[in-house]
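Shown next: upload_23.cif, containing mmCIF, N, CA and C atoms.
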```cif
data_query
loop_
_atom_site.group_PDB
_atom_site.id
_atom_site.type_symbol
_atom_site.label_atom_id
_atom_site.label_comp_id
_atom_site.auth_asym_id
_atom_site.auth_seq_id
_atom_site.Cartn_x
_atom_site.Cartn_y
_atom_site.Cartn_z
ATOM 1 N N LEU A 1 12.596 -2.110 10.468
ATOM 2 C CA LEU A 1 11.411 -2.946 10.386
ATOM 3 C C LEU A 1 11.582 -4.076 11.395
ATOM 4 N N THR A 2 10.631 -4.194 12.286
ATOM 5 C CA THR A 2 10.603 -5.293 13.246
ATOM 6 C C THR A 2 9.276 -6.013 13.059
ATOM 7 N N PHE A 3 9.304 -7.341 13.026
ATOM 8 C CA PHE A 3 8.073 -8.085 12.802
ATOM 9 C C PHE A 3 8.092 -9.405 13.553
ATOM 10 N N GLN A 4 6.888 -9.950 13.736
ATOM 11 C CA GLN A 4 6.732 -11.266 14.347
ATOM 12 C C GLN A 4 5.437 -11.875 13.844
ATOM 13 N N VAL A 5 5.486 -13.137 13.447
ATOM 14 C CA VAL A 5 4.280 -13.860 13.065
ATOM 15 C C VAL A 5 3.635 -14.333 14.362
ATOM 16 N N ALA A 6 2.451 -13.802 14.670
ATOM 17 C CA ALA A 6 1.801 -14.076 15.944
ATOM 18 C C ALA A 6 0.878 -15.287 15.890
ATOM 19 N N GLU A 7 0.290 -15.552 14.719
ATOM 20 C CA GLU A 7 -0.643 -16.675 14.586
ATOM 21 C C GLU A 7 -0.557 -17.252 13.186
ATOM 22 N N GLY A 8 -0.844 -18.558 13.096
ATOM 23 C CA GLY A 8 -1.032 -19.203 11.802
ATOM 24 C C GLY A 8 0.072 -20.143 11.385
ATOM 25 N N GLY A 9 -0.338 -21.334 11.010
ATOM 26 C CA GLY A 9 0.578 -22.309 10.432
ATOM 27 C C GLY A 9 1.790 -22.571 11.292
ATOM 28 N N PHE A 10 2.959 -22.560 10.640
ATOM 29 C CA PHE A 10 4.220 -22.780 11.336
ATOM 30 C C PHE A 10 4.845 -21.466 11.791
ATOM 31 N N LEU A 11 4.030 -20.401 11.840
ATOM 32 C CA LEU A 11 4.479 -19.077 12.276
ATOM 33 C C LEU A 11 5.646 -18.571 11.435
ATOM 34 N N ASP A 12 5.558 -18.767 10.100
ATOM 35 C CA ASP A 12 6.624 -18.305 9.220
ATOM 36 C C ASP A 12 6.054 -17.477 8.069
ATOM 37 N N ILE A 13 6.871 -16.565 7.571
ATOM 38 C CA ILE A 13 6.453 -15.656 6.502
ATOM 39 C C ILE A 13 7.706 -15.217 5.732
ATOM 40 N N ASP A 14 7.530 -14.889 4.454
ATOM 41 C CA ASP A 14 8.617 -14.313 3.657
ATOM 42 C C ASP A 14 8.515 -12.788 3.758
ATOM 43 N N VAL A 15 9.667 -12.117 3.789
ATOM 44 C CA VAL A 15 9.709 -10.661 3.944
ATOM 45 C C VAL A 15 10.611 -10.080 2.869
ATOM 46 N N TYR A 16 10.149 -8.980 2.253
ATOM 47 C CA TYR A 16 10.938 -8.298 1.226
ATOM 48 C C TYR A 16 10.867 -6.793 1.453
ATOM 49 N N ILE A 17 11.985 -6.100 1.224
ATOM 50 C CA ILE A 17 12.012 -4.638 1.215
ATOM 51 C C ILE A 17 12.669 -4.212 -0.089
ATOM 52 N N ASP A 18 11.977 -3.318 -0.815
ATOM 53 C CA ASP A 18 12.498 -2.791 -2.077
ATOM 54 C C ASP A 18 12.725 -1.298 -1.958
ATOM 55 N N GLY A 19 13.783 -0.817 -2.618
ATOM 56 C CA GLY A 19 14.084 0.605 -2.628
ATOM 57 C C GLY A 19 13.263 1.338 -3.678
ATOM 58 N N PRO A 20 13.409 2.651 -3.750
ATOM 59 C CA PRO A 20 12.644 3.461 -4.705
ATOM 60 C C PRO A 20 12.915 3.097 -6.163
ATOM 61 N N ASP A 21 14.078 2.503 -6.413
ATOM 62 C CA ASP A 21 14.421 2.099 -7.779
ATOM 63 C C ASP A 21 13.894 0.706 -8.117
ATOM 64 N N GLY A 22 13.168 0.087 -7.180
ATOM 65 C CA GLY A 22 12.607 -1.244 -7.411
ATOM 66 C C GLY A 22 13.558 -2.380 -7.096
ATOM 67 N N LYS A 23 14.785 -2.063 -6.714
ATOM 68 C CA LYS A 23 15.764 -3.104 -6.396
ATOM 69 C C LYS A 23 15.541 -3.599 -4.963
ATOM 70 N N GLU A 24 15.659 -4.905 -4.803
ATOM 71 C CA GLU A 24 15.484 -5.519 -3.488
ATOM 72 C C GLU A 24 16.668 -5.167 -2.597
ATOM 73 N N ILE A 25 16.380 -4.647 -1.404
ATOM 74 C CA ILE A 25 17.463 -4.329 -0.474
ATOM 75 C C ILE A 25 17.486 -5.285 0.722
ATOM 76 N N PHE A 26 16.434 -6.069 0.871
ATOM 77 C CA PHE A 26 16.399 -7.062 1.938
ATOM 78 C C PHE A 26 15.382 -8.134 1.581
ATOM 79 N N SER A 27 15.709 -9.377 1.891
ATOM 80 C CA SER A 27 14.725 -10.454 1.753
ATOM 81 C C SER A 27 15.067 -11.555 2.750
ATOM 82 N N ALA A 28 14.031 -12.208 3.227
ATOM 83 C CA ALA A 28 14.199 -13.335 4.138
ATOM 84 C C ALA A 28 13.030 -14.283 3.904
ATOM 85 N N GLU A 29 13.285 -15.564 3.931
ATOM 86 C CA GLU A 29 12.238 -16.557 3.686
ATOM 87 C C GLU A 29 11.960 -17.356 4.949
ATOM 88 N N ARG A 30 10.669 -17.641 5.142
ATOM 89 C CA ARG A 30 10.194 -18.476 6.238
ATOM 90 C C ARG A 30 10.716 -18.023 7.597
ATOM 91 N N GLU A 31 10.599 -16.733 7.840
ATOM 92 C CA GLU A 31 11.041 -16.153 9.105
ATOM 93 C C GLU A 31 9.878 -16.106 10.090
ATOM 94 N N THR A 32 10.161 -16.351 11.352
ATOM 95 C CA THR A 32 9.164 -16.244 12.415
ATOM 96 C C THR A 32 9.126 -14.831 12.969
ATOM 97 N N ASP A 33 10.293 -14.227 13.095
ATOM 98 C CA ASP A 33 10.397 -12.845 13.550
ATOM 99 C C ASP A 33 11.723 -12.284 13.071
ATOM 100 N N GLY A 34 11.865 -10.986 13.196
ATOM 101 C CA GLY A 34 13.125 -10.391 12.776
ATOM 102 C C GLY A 34 13.129 -8.892 12.901
ATOM 103 N N THR A 35 14.337 -8.355 12.779
ATOM 104 C CA THR A 35 14.550 -6.914 12.784
ATOM 105 C C THR A 35 15.539 -6.591 11.684
ATOM 106 N N TYR A 36 15.221 -5.584 10.878
ATOM 107 C CA TYR A 36 16.126 -5.150 9.830
ATOM 108 C C TYR A 36 16.196 -3.630 9.864
ATOM 109 N N THR A 37 17.408 -3.093 9.926
ATOM 110 C CA THR A 37 17.630 -1.654 9.972
ATOM 111 C C THR A 37 18.465 -1.260 8.767
ATOM 112 N N PHE A 38 18.094 -0.152 8.130
ATOM 113 C CA PHE A 38 18.875 0.317 6.992
ATOM 114 C C PHE A 38 18.772 1.832 6.883
ATOM 115 N N ALA A 39 19.729 2.416 6.184
ATOM 116 C CA ALA A 39 19.722 3.856 5.906
ATOM 117 C C ALA A 39 19.157 4.051 4.504
ATOM 118 N N ALA A 40 18.149 4.898 4.394
ATOM 119 C CA ALA A 40 17.546 5.203 3.095
ATOM 120 C C ALA A 40 18.464 6.182 2.372
ATOM 121 N N ARG A 41 19.269 5.663 1.475
ATOM 122 C CA ARG A 41 20.258 6.485 0.782
ATOM 123 C C ARG A 41 19.667 7.250 -0.399
ATOM 124 N N LYS A 42 18.517 6.781 -0.889
ATOM 125 C CA LYS A 42 17.852 7.437 -2.023
ATOM 126 C C LYS A 42 16.496 7.943 -1.558
ATOM 127 N N SER A 43 16.111 9.101 -2.060
ATOM 128 C CA SER A 43 14.780 9.588 -1.718
ATOM 129 C C SER A 43 13.753 8.853 -2.573
ATOM 130 N N GLY A 44 12.559 8.730 -2.053
ATOM 131 C CA GLY A 44 11.496 8.029 -2.770
ATOM 132 C C GLY A 44 10.778 7.054 -1.863
ATOM 133 N N ARG A 45 9.926 6.250 -2.474
ATOM 134 C CA ARG A 45 9.096 5.311 -1.721
ATOM 135 C C ARG A 45 9.784 3.957 -1.594
ATOM 136 N N TYR A 46 9.937 3.532 -0.347
ATOM 137 C CA TYR A 46 10.445 2.198 -0.047
ATOM 138 C C TYR A 46 9.233 1.319 0.247
ATOM 139 N N THR A 47 9.244 0.096 -0.237
ATOM 140 C CA THR A 47 8.099 -0.788 -0.011
ATOM 141 C C THR A 47 8.568 -2.040 0.730
ATOM 142 N N TYR A 48 7.674 -2.548 1.571
ATOM 143 C CA TYR A 48 7.958 -3.814 2.232
ATOM 144 C C TYR A 48 6.753 -4.723 2.063
ATOM 145 N N CYS A 49 7.027 -6.019 2.021
ATOM 146 C CA CYS A 49 5.981 -6.999 1.746
ATOM 147 C C CYS A 49 6.166 -8.197 2.663
ATOM 148 N N PHE A 50 5.064 -8.622 3.263
ATOM 149 C CA PHE A 50 5.030 -9.891 3.980
ATOM 150 C C PHE A 50 4.284 -10.846 3.064
ATOM 151 N N ASP A 51 4.958 -11.874 2.592
ATOM 152 C CA ASP A 51 4.420 -12.769 1.571
ATOM 153 C C ASP A 51 4.117 -14.138 2.184
ATOM 154 N N ASN A 52 2.866 -14.570 2.050
ATOM 155 C CA ASN A 52 2.438 -15.862 2.586
ATOM 156 C C ASN A 52 2.139 -16.832 1.444
ATOM 157 N N GLU A 53 2.719 -16.607 0.279
ATOM 158 C CA GLU A 53 2.424 -17.428 -0.899
ATOM 159 C C GLU A 53 2.739 -18.904 -0.679
ATOM 160 N N MET A 54 3.757 -19.189 0.139
ATOM 161 C CA MET A 54 4.121 -20.592 0.358
ATOM 162 C C MET A 54 3.098 -21.329 1.208
ATOM 163 N N SER A 55 2.149 -20.591 1.800
ATOM 164 C CA SER A 55 1.170 -21.206 2.683
ATOM 165 C C SER A 55 -0.177 -20.502 2.533
ATOM 166 N N THR A 56 -0.679 -20.432 1.313
ATOM 167 C CA THR A 56 -1.884 -19.645 1.034
ATOM 168 C C THR A 56 -3.129 -20.192 1.714
ATOM 169 N N MET A 57 -3.138 -21.433 2.110
ATOM 170 C CA MET A 57 -4.318 -22.009 2.754
ATOM 171 C C MET A 57 -4.364 -21.705 4.249
ATOM 172 N N THR A 58 -3.256 -21.202 4.794
ATOM 173 C CA THR A 58 -3.190 -20.905 6.220
ATOM 174 C C THR A 58 -2.999 -19.407 6.414
ATOM 175 N N PRO A 59 -4.031 -18.704 6.907
ATOM 176 C CA PRO A 59 -3.864 -17.269 7.155
ATOM 177 C C PRO A 59 -2.883 -17.028 8.294
ATOM 178 N N LYS A 60 -2.210 -15.899 8.246
ATOM 179 C CA LYS A 60 -1.227 -15.542 9.271
ATOM 180 C C LYS A 60 -1.569 -14.171 9.826
ATOM 181 N N LEU A 61 -1.209 -13.954 11.080
ATOM 182 C CA LEU A 61 -1.306 -12.647 11.704
ATOM 183 C C LEU A 61 0.121 -12.183 11.953
ATOM 184 N N VAL A 62 0.498 -11.085 11.291
ATOM 185 C CA VAL A 62 1.851 -10.544 11.418
ATOM 186 C C VAL A 62 1.772 -9.205 12.148
ATOM 187 N N VAL A 63 2.523 -9.090 13.218
ATOM 188 C CA VAL A 63 2.621 -7.846 13.970
ATOM 189 C C VAL A 63 3.941 -7.201 13.552
ATOM 190 N N PHE A 64 3.893 -5.920 13.156
ATOM 191 C CA PHE A 64 5.130 -5.284 12.722
ATOM 192 C C PHE A 64 5.175 -3.825 13.134
ATOM 193 N N GLU A 65 6.395 -3.304 13.152
ATOM 194 C CA GLU A 65 6.621 -1.895 13.447
ATOM 195 C C GLU A 65 7.663 -1.398 12.462
ATOM 196 N N PHE A 66 7.367 -0.294 11.839
ATOM 197 C CA PHE A 66 8.288 0.328 10.894
ATOM 198 C C PHE A 66 8.579 1.726 11.410
ATOM 199 N N VAL A 67 9.807 1.973 11.789
ATOM 200 C CA VAL A 67 10.176 3.253 12.386
ATOM 201 C C VAL A 67 11.026 4.034 11.390
ATOM 202 N N VAL A 68 10.647 5.279 11.177
ATOM 203 C CA VAL A 68 11.413 6.164 10.299
ATOM 204 C C VAL A 68 12.006 7.254 11.165
ATOM 205 N N GLY A 69 13.292 7.467 11.016
ATOM 206 C CA GLY A 69 13.934 8.495 11.823
ATOM 207 C C GLY A 69 15.123 9.087 11.114
ATOM 208 N N ASN A 70 15.624 10.147 11.677
ATOM 209 C CA ASN A 70 16.799 10.831 11.155
ATOM 210 C C ASN A 70 17.957 10.602 12.103
ATOM 211 N N SER A 71 19.134 10.325 11.551
ATOM 212 C CA SER A 71 20.297 10.199 12.419
ATOM 213 C C SER A 71 20.856 11.573 12.774
ATOM 214 N N ALA A 72 20.579 12.570 11.920
ATOM 215 C CA ALA A 72 21.014 13.939 12.201
ATOM 216 C C ALA A 72 19.886 14.694 12.894
ATOM 217 N N LYS A 73 20.250 15.698 13.691
ATOM 218 C CA LYS A 73 19.238 16.491 14.391
ATOM 219 C C LYS A 73 18.439 17.305 13.379
ATOM 220 N N ALA A 74 17.119 17.229 13.493
ATOM 221 C CA ALA A 74 16.239 17.960 12.587
ATOM 222 C C ALA A 74 16.240 19.443 12.950
ATOM 223 N N PRO A 75 16.160 20.324 11.938
ATOM 224 C CA PRO A 75 16.109 21.750 12.233
ATOM 225 C C PRO A 75 14.781 22.121 12.884
ATOM 226 N N GLU A 76 14.785 23.239 13.610
ATOM 227 C CA GLU A 76 13.564 23.736 14.245
ATOM 228 C C GLU A 76 12.560 24.157 13.168
ATOM 229 N N ASN A 77 11.297 23.815 13.347
ATOM 230 C CA ASN A 77 10.242 24.169 12.407
ATOM 231 C C ASN A 77 9.265 25.133 13.059
ATOM 232 N N THR A 78 8.561 25.871 12.215
ATOM 233 C CA THR A 78 7.491 26.721 12.720
ATOM 234 C C THR A 78 6.280 25.852 13.021
ATOM 235 N N LYS A 79 5.322 26.380 13.758
ATOM 236 C CA LYS A 79 4.106 25.636 14.077
ATOM 237 C C LYS A 79 3.374 25.246 12.798
ATOM 238 N N GLU A 80 3.345 26.144 11.807
ATOM 239 C CA GLU A 80 2.661 25.846 10.546
ATOM 240 C C GLU A 80 3.342 24.687 9.819
ATOM 241 N N GLU A 81 4.676 24.671 9.826
ATOM 242 C CA GLU A 81 5.405 23.572 9.186
ATOM 243 C C GLU A 81 5.142 22.255 9.914
ATOM 244 N N ASP A 82 5.159 22.306 11.255
ATOM 245 C CA ASP A 82 4.878 21.100 12.034
ATOM 246 C C ASP A 82 3.455 20.597 11.783
ATOM 247 N N ASP A 83 2.484 21.524 11.716
ATOM 248 C CA ASP A 83 1.090 21.143 11.453
ATOM 249 C C ASP A 83 0.950 20.502 10.081
ATOM 250 N N ALA A 84 1.629 21.070 9.081
ATOM 251 C CA ALA A 84 1.561 20.517 7.719
ATOM 252 C C ALA A 84 2.158 19.112 7.684
ATOM 253 N N LYS A 85 3.291 18.917 8.365
ATOM 254 C CA LYS A 85 3.908 17.585 8.415
ATOM 255 C C LYS A 85 3.005 16.608 9.156
ATOM 256 N N HIS A 86 2.400 17.067 10.245
ATOM 257 C CA HIS A 86 1.486 16.213 11.011
ATOM 258 C C HIS A 86 0.311 15.787 10.145
ATOM 259 N N ASP A 87 -0.276 16.735 9.403
ATOM 260 C CA ASP A 87 -1.408 16.415 8.524
ATOM 261 C C ASP A 87 -1.009 15.394 7.471
ATOM 262 N N LYS A 88 0.199 15.529 6.927
ATOM 263 C CA LYS A 88 0.673 14.573 5.920
ATOM 264 C C LYS A 88 0.821 13.180 6.532
ATOM 265 N N VAL A 89 1.371 13.109 7.742
ATOM 266 C CA VAL A 89 1.526 11.811 8.419
ATOM 267 C C VAL A 89 0.160 11.186 8.675
ATOM 268 N N VAL A 90 -0.794 11.995 9.128
ATOM 269 C CA VAL A 90 -2.146 11.486 9.372
ATOM 270 C C VAL A 90 -2.736 10.932 8.069
ATOM 271 N N ASP A 91 -2.562 11.655 6.971
ATOM 272 C CA ASP A 91 -3.064 11.181 5.680
ATOM 273 C C ASP A 91 -2.403 9.866 5.275
ATOM 274 N N LEU A 92 -1.088 9.760 5.479
ATOM 275 C CA LEU A 92 -0.377 8.527 5.134
ATOM 276 C C LEU A 92 -0.826 7.357 6.000
ATOM 277 N N VAL A 93 -1.073 7.608 7.283
ATOM 278 C CA VAL A 93 -1.545 6.545 8.174
ATOM 279 C C VAL A 93 -2.934 6.084 7.741
ATOM 280 N N LYS A 94 -3.801 7.018 7.368
ATOM 281 C CA LYS A 94 -5.132 6.657 6.881
ATOM 282 C C LYS A 94 -5.026 5.814 5.613
ATOM 283 N N GLU A 95 -4.143 6.220 4.696
ATOM 284 C CA GLU A 95 -3.943 5.472 3.453
ATOM 285 C C GLU A 95 -3.430 4.060 3.749
ATOM 286 N N LEU A 96 -2.476 3.963 4.684
ATOM 287 C CA LEU A 96 -1.944 2.657 5.074
ATOM 288 C C LEU A 96 -3.033 1.798 5.698
ATOM 289 N N SER A 97 -3.861 2.383 6.546
ATOM 290 C CA SER A 97 -4.950 1.652 7.188
ATOM 291 C C SER A 97 -5.929 1.118 6.155
ATOM 292 N N GLU A 98 -6.282 1.951 5.190
ATOM 293 C CA GLU A 98 -7.197 1.504 4.131
ATOM 294 C C GLU A 98 -6.582 0.370 3.324
ATOM 295 N N SER A 99 -5.296 0.480 3.019
ATOM 296 C CA SER A 99 -4.617 -0.578 2.267
ATOM 297 C C SER A 99 -4.552 -1.877 3.058
ATOM 298 N N MET A 100 -4.257 -1.775 4.359
ATOM 299 C CA MET A 100 -4.185 -2.973 5.195
ATOM 300 C C MET A 100 -5.560 -3.629 5.312
ATOM 301 N N ASN A 101 -6.619 -2.830 5.418
ATOM 302 C CA ASN A 101 -7.972 -3.388 5.458
ATOM 303 C C ASN A 101 -8.304 -4.088 4.153
ATOM 304 N N LEU A 102 -7.889 -3.518 3.036
ATOM 305 C CA LEU A 102 -8.114 -4.144 1.738
ATOM 306 C C LEU A 102 -7.396 -5.489 1.660
ATOM 307 N N VAL A 103 -6.144 -5.514 2.096
ATOM 308 C CA VAL A 103 -5.381 -6.770 2.089
ATOM 309 C C VAL A 103 -6.039 -7.796 2.997
ATOM 310 N N ARG A 104 -6.462 -7.358 4.193
ATOM 311 C CA ARG A 104 -7.108 -8.275 5.123
ATOM 312 C C ARG A 104 -8.382 -8.856 4.512
ATOM 313 N N ASN A 105 -9.180 -8.005 3.861
ATOM 314 C CA ASN A 105 -10.411 -8.477 3.221
ATOM 315 C C ASN A 105 -10.110 -9.434 2.087
ATOM 316 N N MET A 106 -9.052 -9.158 1.321
ATOM 317 C CA MET A 106 -8.686 -10.050 0.213
ATOM 318 C C MET A 106 -8.247 -11.406 0.744
ATOM 319 N N VAL A 107 -7.488 -11.418 1.830
ATOM 320 C CA VAL A 107 -6.995 -12.669 2.408
ATOM 321 C C VAL A 107 -8.155 -13.437 3.043
ATOM 322 N N THR A 108 -9.101 -12.723 3.670
ATOM 323 C CA THR A 108 -10.213 -13.356 4.348
ATOM 324 C C THR A 108 -11.135 -14.048 3.366
ATOM 325 N N PHE A 109 -11.370 -13.431 2.224
ATOM 326 C CA PHE A 109 -12.304 -13.994 1.255
ATOM 327 C C PHE A 109 -11.515 -14.717 0.238
#
```

Spit out the file's structure as structure tokens when you get a sec.
Amino acid sequence: LTFQVAEGGFLDIDVYIDGPDGKEIFSAERETDGTYTFAARKSGRYTYCFDNEMSTMTPKLVVFEFVVGNSAKAPENTKEEDDAKHDKVVDLVKELSESMNLVRNMVTF
């Protein structure tokens, strides 16, 4: 996870990453930017949160990149398997986009 507060207030934000078991695996307070790398040792959904609770009157613009990769070489897949994985990624990106729009609308109003 790489992030930077691009606009707003003192350009600071709180960041949290939780594992699939709900346990916090990373947290940082009032950060302007940062990079955090970890190995997902458990399967499941990992969540990350940019929290502006300490400055709710000042909206922030946070630019971030979350990269998921394998350290081991992935096995060769058939075209059908690749297409199915691609469709799943597209669906997840759409879901993320809808969620981010919802958050943006909630923060705006």

Check your understanding: Distance CA of Met54 (chain A)-CA of Phe38 (chain A), one decimal place?
Key -> 26.4 Å

Check your understanding: Which residue gives the smallest distance to Gly9 (chain A) among A:Asp21, A:Thr37, A:Gly44, A:Asn52, with only C-alpha atoms counted?
Key ->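 Residue with the minimum atom-to-atom distance to Gly9 (chain A): A:Asn52.
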
Practice item. Name the residues of chain A that fall into strand (DSSP E) according to DSSP on the backbone, using the chain letters and numbers of this document, as JSON, numbers by chain. Key: {"A": [2, 3, 4, 5, 6, 7, 13, 14, 15, 16, 17, 18, 24, 25, 26, 27, 28, 29, 30, 31, 33, 34, 35, 47, 48, 49, 50, 51, 61, 62, 63, 64, 65]}

Check your understanding: Applied to the shown file, which residues does the PyMOL selection byres ((chain A and resi 60) around 6.5) return, written as a list in words?
Key ->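 With the PyMOL selection byres ((chain A and resi 60) around 6.5) on this model, the match is Ala6, Glu7, Gly8, Gly9, Thr58, Pro59, Leu61 and Val62 of chain A.
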
Exercise for review: Check chain A with DSSP on the backbone and list each residue it calls helix (DSSP H, G or I), as a ChimeraX atom specification.
Suggested key: /A:53-55,79-108

Practice item. Expand the PyMOL selection byres ((chain A and resi 26) around 6.5) into the individual residues it matches in the shown file, reporting them as JSON, numbers by chain. Key: {"A": [15, 16, 17, 18, 23, 24, 25, 27, 28]}

Point to revise | One-decimal distance in Å that lies between atom C of Glu31 (chain A) and atom N of Asp51 (chain A) | key: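 So the two atoms, atom N of Asp51 (chain A) and atom C of Glu31 (chain A), lie 9.9 Å apart.
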
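Between atom N of Tyr36 (chain A) and CA of Tyr48 (chain A) lies a distance of 11.4 Å.
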